[in-house]
Structure formats: C-alpha cells, structure tokens
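A.B. asks: Below is the structure I would like to discuss, written out as structure tokens.
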Amino acid sequence: MRQFDVLLRQGLMDANLAQYESVLEKADAGEPVFSPKYRREQMRLLADPWRWERRQPAQGRLRRGITRGMAAAIAVLLLATAAAAVTAPLWITFFGGLDRRQQEIVGDLEIGGGDREKTAADKITAGSLLPPPAEHDGVTVTPLSILGAKNRLYLVLEIRAPEGTVFRPDDDLDLSGSLRPSDQWWAEHPGELAGATFFFTVLEAGTREPNVLVGVVEETVSYDIGGSTYHVRGLNRETAEGERETIFAASNSKGGTWDIPIPEGLNQDQVLEPRVEGMVMQQGEKHMTLLSMSVSPLGIWWKYRLEGEDPWPQVRMALRMKDGSEIQTAPGQLTMGDFGSGLTASVNFEKPVDLSQAEAVLWEDAVIPLEQPD
C-alpha cells in the first residue's frame, strides 16, 4: 500500500506540473491572484492551525486529497465493488494506510460495513446495532458504519440529497451536525460542559448517483459517546465565488434534524482503565491530580483536578509498547469540564493501536502501567 501511495503521489505531481507548466513560467510576470478557495483555506489555517494541519495529506496519508478530484479514481482502485457500502479499503484510504493488524482492530471495533469474513450470527448482531436511516423532507441519511470507543467516534454516512441535486468530486461541502450526550449523561452531570471537536471528510460525491455522497464524521467529545445521538442539521456547498449554497437544512419543527443514535456502551470491552486516581503532577505553578483514565485503540481520555493559573494545560501523552517503541498521539488536545467535578482531556491516535502490545501510558515524565485483561 505504501508503494502504491508513493507512485500515485508521483504521478499526480507529474500531471500537475504538466498542466500548470505555462502558469509557472509566468509566475514572476505580476502579482499573484489567489482564488476564493485558497483564501478560505488561508483563513481556516489562521483560525485553527491544529485542525488545518490534521486535514492536510502527509507522508503515507490520503485524507483531504481524496475529496478533490481523486474520489472517482480512489473509488475504482480501492473499493471492492461499487455496490459495497463500506469496506476495509475505505478505512485504509481514510486513515492513510493500515497494516494487517490495524485492519483487524478496525474490524473488531466497527459496527456495519467491513469486508472481513463474518458468521451469520456476527452479521445479524452488527445489523441490529447499526441505526436505521433517517429520512424526511426528501433527504435520507444512512449510517453505513460506526467506529468508536469511549469518547472517540468515526461515523460513515451516506447522504441522499433531494432529487435534482448534483454533487461533483471537487465540491467544497460542509456538513452541519453535532453529537449530543444522552439524557442520562445530562442527569448525572448537571452543570457540566459538554465539549467536542468535529471534522467531516467527503469520500465520494456524485460517483454512484448524482445526488449521493459518502463521508466520514469525526467527533472527539468530553463525555462517553455510548447512548448519544448524532444530529445532522444540514449540508452547505461553497461556490467558486465564495458564496454559501444550502443543499438542505433542518426545519424548525419537531424532528427536523436527521438523527443517528449511537449504541450504548460502544466497544467498552476494548477500553483499558489503568489505576491512576491520586497521581499528581507538578508543572511550575500547576498542580494536576488524576481522577481516572481510559485508553482505547483510538485514543486516551483522562479526568483530573487542577490547581494553578493555567486552566487548560497541554500535557504530553503517548503509549510505550512492549518492544520499547513509543506511539505518539495526534496534534491537538481537547480539554473541557469544570473545576468542581473535574476537567476532562483527550488525545487521539493517528491510526488504531494494538493495545495488546502496549505496556504503559506516558503522562509527561510519569509512566502509568497498563494492566491487560485475562
């Protein structure tokens, strides 16, 4: 897969150079004229550098690039069949390459989709857990796959827009949606803030049918995702002139959003909870006391109390593996909560991690052993 990525990248670079060679020759002739799309990306970078960095393709990764002109090629090269809703190659494409063990981890975590061999009982169980489509006002939102654990969620959605809508691979699409905690969570955490980070990556736009697109919602939240609901509120498209076009939007009436319920206790059996209560870290004037910690194949989530001036400290988190190597977390760290019940913070892994090969969490200079289940 890595060799294919390199060859594909080189081919695209050569094609791009051939297409814009004449433009490059005239580059020094005058002042550059930037497109509205370029300026939007510039503003996004200035507004949220961490998010912008995470959305850019890096070595061994294919993310944002597959939504711009390459969608049709990727669909032909990597999807097993056009009729298959979600397959392992989708996750390989999304995460930028997965080895055999990582594919197995995804298969164990995911509900729906997947191309691994399943027994009839497995298929019935997965099908019963996958929420039904949400449909009204000529729009159908169908969950194709759910991959998540504790406070990290990947949700693959097929969105069928109203008849007459035409999507193109190079469309700049923006999904409006959010994950909402369960009523039980609100009742058990009165007054606590519920924070989230949200990304939406388009994988296919108009390649199967003109009005159908497939994309992946990424959510990192400050609470347990089990029993929560993902609300789709609408879809917008930015035109070449920088204008905002509404493809569809939720009505103000009851049930106006397209709701996808997330199963209770999603993959809780694959979450490790090391004993950390009472561990203390001192950084300058900051005094941090751990209350709890959860480690899943997708990321690390911990709760703590803080004494000091900095309300949102950024701490180094990593996994130490049994072979002595370290797995670093992705850039960025979500911190939410309140000073009464304790703050929650989380970091994510770039790709699913085999926790059976991990022996400890590295919290700054502290080493927290991971106790593996029998």
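Residue numbering restarts at 1 in every chain; chains get A, B, ... in the order shown in the structure tokens, and ligands count up from 1 in that same order.
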Got a sec: who's within 9 Å of Leu175 in chain A, counting only C-alpha atoms, leaving out chain neighbours fewer than 4 positions off, as a list in words?
C.D. replies: Phe199, Phe200, Val217, Val232, Arg233, Gly234, Leu235, Asn236 and Arg237 of chain A
A.B. asks: Point out the residue among A:Arg100, A:Arg320, A:Arg244, A:Arg275 with the least atom-to-atom distance to Leu173 in chain A, counting only C-alpha atoms.
C.D. replies: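 Once distances to Leu173 in chain A are computed over only C-alpha atoms, the minimum belongs to A:Arg244.
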A.B. asks: Would you please work out which residue, of A:Ala358, A:Ala250, A:Val166, A:Met281, is nearest to Glu135 in chain A when using only C-alpha atoms?
C.D. replies: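 Closest to Glu135 in chain A, using only C-alpha atoms: A:Ala250.
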A.B. asks: Find the residues around range 158-161 of chain A up to 10 Å (only C-alpha atoms counted), leave out those fewer than 4 positions away in its own chain, and share them as a VMD selection string.
C.D. replies: chain A and resid 85 to 86 133 to 135 137 to 145 165 to 167 203 to 206 209 to 216 235 247 to 248
A.B. asks: Extract the full set of strand (DSSP E) residues from range 222-336 of chain A according to DSSP on the backbone, and format it as an NGL selection string.
C.D. replies: :A and (229-238 or 244-249 or 258-261 or 280-283 or 286-296 or 299-307 or 317-321 or 326-328 or 334-336)
A.B. asks: So the first atom is CA of Arg180 in chain A and the second is CA of Tyr230 in chain A; what is the distance between them in Å, to one decimal place?
C.D. replies: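 Separation between CA of Arg180 in chain A and CA of Tyr230 in chain A: 6.3 Å.
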A.B. asks: Which neighbours of Ser294 in chain A fall inside 7 Å, counting only C-alpha atoms, when residues of the same chain fewer than 3 positions from it are skipped, and could you give them as JSON, numbers by chain?
C.D. replies: {"A": [271, 272, 273, 300, 301, 302]}
A.B. asks: Residues as selected, C-alpha atoms, written as an mmCIF file, in the first residue's frame, can you do that?
C.D. replies:
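Once everything was written out, this is selection.cif:
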data_model
loop_
_atom_site.group_PDB
_atom_site.id
_atom_site.type_symbol
_atom_site.label_atom_id
_atom_site.label_comp_id
_atom_site.auth_asym_id
_atom_site.auth_seq_id
_atom_site.Cartn_x
_atom_site.Cartn_y
_atom_site.Cartn_z
ATOM 1 C CA VAL A 271 -11.130 0.019 26.791
ATOM 2 C CA LEU A 272 -8.379 -0.238 29.413
ATOM 3 C CA GLU A 273 -8.687 1.753 32.643
ATOM 4 C CA ILE A 300 -6.669 8.371 25.610
ATOM 5 C CA TRP A 301 -9.198 10.119 27.828
ATOM 6 C CA TRP A 302 -8.468 11.280 31.369
#
